[in-house]
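Below is one structure, written out as structure tokens, with a few remarks after it.
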Amino acid sequence: MNNYFIKRVSAHSSSGKVSEIDFEPGMNIICGPSNTGKSMVIGCIDYLFGGDREPFDPTHEDYNGVSMQLVSENGEVVTVRRAIENKDGQAKPSSKVTVVSDADGIESREYKVKRSSNRPDETVYSDILLQMLDIQEPVKIIATQDGKPQRLTLRTFFHQFCIREDDIFRGGTIIDNPNRSAITPCVNSLAYLLYEGGVQEEEYEDPAIKKAKKSALTAYISGKLSTLGKKRKELEERIEEAGTADVEALISEIVDEITTIDEDITRAQQESQRMLGEIYEVSEELAVEKQLQERYRALHTQYDSDISRLCFIIDGEEKKPSGGAEHCPFCDAEITNPEDIESYAAASRAELEKVRLQIADLKALEDETDSRVSSLTARLDNLHSMDDDVRRLVNTELKPKAASLRKELDTYSRIAQLQKELELLEEIEGDFNFDISEQAFEDDSARKYDAKAQFKSSVFNELSSAVCKAIKQCKFPDFKVAGLSLKTFDVVVNDKEKRHEGKGYKAFLNSLFAFVLMRFIDKRGVHAPRMLILDSPILTLKEDVDLPASDSMKSALFDYMIGNCGSCQVIIAENDIPENVDYGSVNIIRFGHGDEALRGGFLLTD
């Protein structure tokens, strides 16, 4: 990516086991015998960049997810994780990716791998990857020869920088996506990476679609004209039912009446709200008065008890025989002084009089409280009755009337719409013959868009020259001249197209072209991936029976890539790497069977 490199690729199991390998900026080589997981690592990288092929089968391996850590030049880390699903015993790629980021502008959350057709503006995983290439806004490139656009995604061009083992020796150009039929979006995505070309700049309509539109428009107008009489009759019948032809005036009157009713409803609702507030206040006040009423009754009961007790004491004193010992009714102590006896009887009579006066005062308070309770109860009942009347007015009169008027308004509005439609149809009828004659003289010849021809010739020539120099430096046998064919956008060596070479030479030229393309975009382009992943670039060279390759040719390819990698990152998976190459700056990861000094493969086992 623009300034990111792959730091780590990991496989995760449901039990928490993790198999991981670390990469470095620059050249990285995973080497070892077959079936050790080299291609699986490449598959994991492709899968984590949005590919739709799961790198391994979780039903056979004790792993069900993969992750990748991307690190920028300034140390920002973006980690992506994607599960591999098991559906009915079949491995399926997950439709979601989890991103954890400390990079500015990249939000940590779960993203969909692909954009839904019904949600074109949602942010998906590809948008995050494009942001890493400093492509912040959606880009539409021309995707077909008829000029149909498509949204640029990372998968539009990622195949040019991640070449799987099955595609490394393909005869077609690496620019073309082996899983797609059209080269146009691939060339235009490359043009965008280099100089932001290949985008849709003007409307271009497919002649077949344009012709279909003409036919559809003609059929539509003809159909409208054929039903014109029917619609006119329908309109006249509805206007007659309304009793007047002045529909606009009726609509205006109804709108005014609806406005008045809505205002009445608003006022009534406001009045109801006011009364509800008053009901709340009166209810609180009534509750307070009832509480006082209960307290006064309790006090009255207490006073009645005091009178009974005092009367009992006085009556007992008056009826008691003389000469006996007197005892205090409160403490039961003996009273020996006759004056104390008389004083005690007088005190009881005085207390009795005092309590009777208190009862008289309390009765006045009780009567006053009872009066207020009665008054507040009547007021509360009246408020509830008034609120019920207002609600009844709104719900049984005003709202039904407003609904009826709106229904009537809809009827007249439809009539008014029919009138406008009738006027429009009459206008179309007046222009119809002119439109037909004008369309008859339009040029219906189809223009074809050729992405290769539109590619900047200066850029193409520079790229072709860079490919030529690389092939020469890598000691291609009997080299005379090389470059790119504008017709195929592929490599031609000594006037021989690459597709006519053997498998090993195809892999060699595809790998070299991909490497030169990566470095060319890095130096010349606007949005540089600065990353290349190759699976077995020289494996088939030793199997090429058409033209066996020398060891020097293999070594030259690796020497060239190591020496010219620059600040880009290259990851190569290969069974055997050539000797006589300086691998001092290369991060070599070796897999091996039965060698305790080597890692057994990518997926670690217990």
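FYI, nothing fancy with the structure tokens labels: chains A, B, ... in order, residues from 1 per chain, ligands from 1 as they appear.
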Contacts of region 551-566 of chain A at 6 Å (only C-alpha atoms; same-chain gap of 3+ positions) as a PyMOL selection string:
chain A and resi 474-475+578
So which residues touch Val100 (chain A) within 9 Å, counting only C-alpha atoms, skipping near sequence neighbours fewer than 5 positions away, as a list in words?
Val77, Val78, Thr79, Val80, Arg81, Ile106, Glu107, Ser108, Arg109 and Glu110 of chain A
If we count only C-alpha atoms, what is near region 134-148 of chain A at a cut-off of 7 Å, once residues fewer than 5 positions away on the same chain are taken out, given as an MDAnalysis selection string?
chainID A and resid 184:185 188:189 198:200 204 206 448:450 527
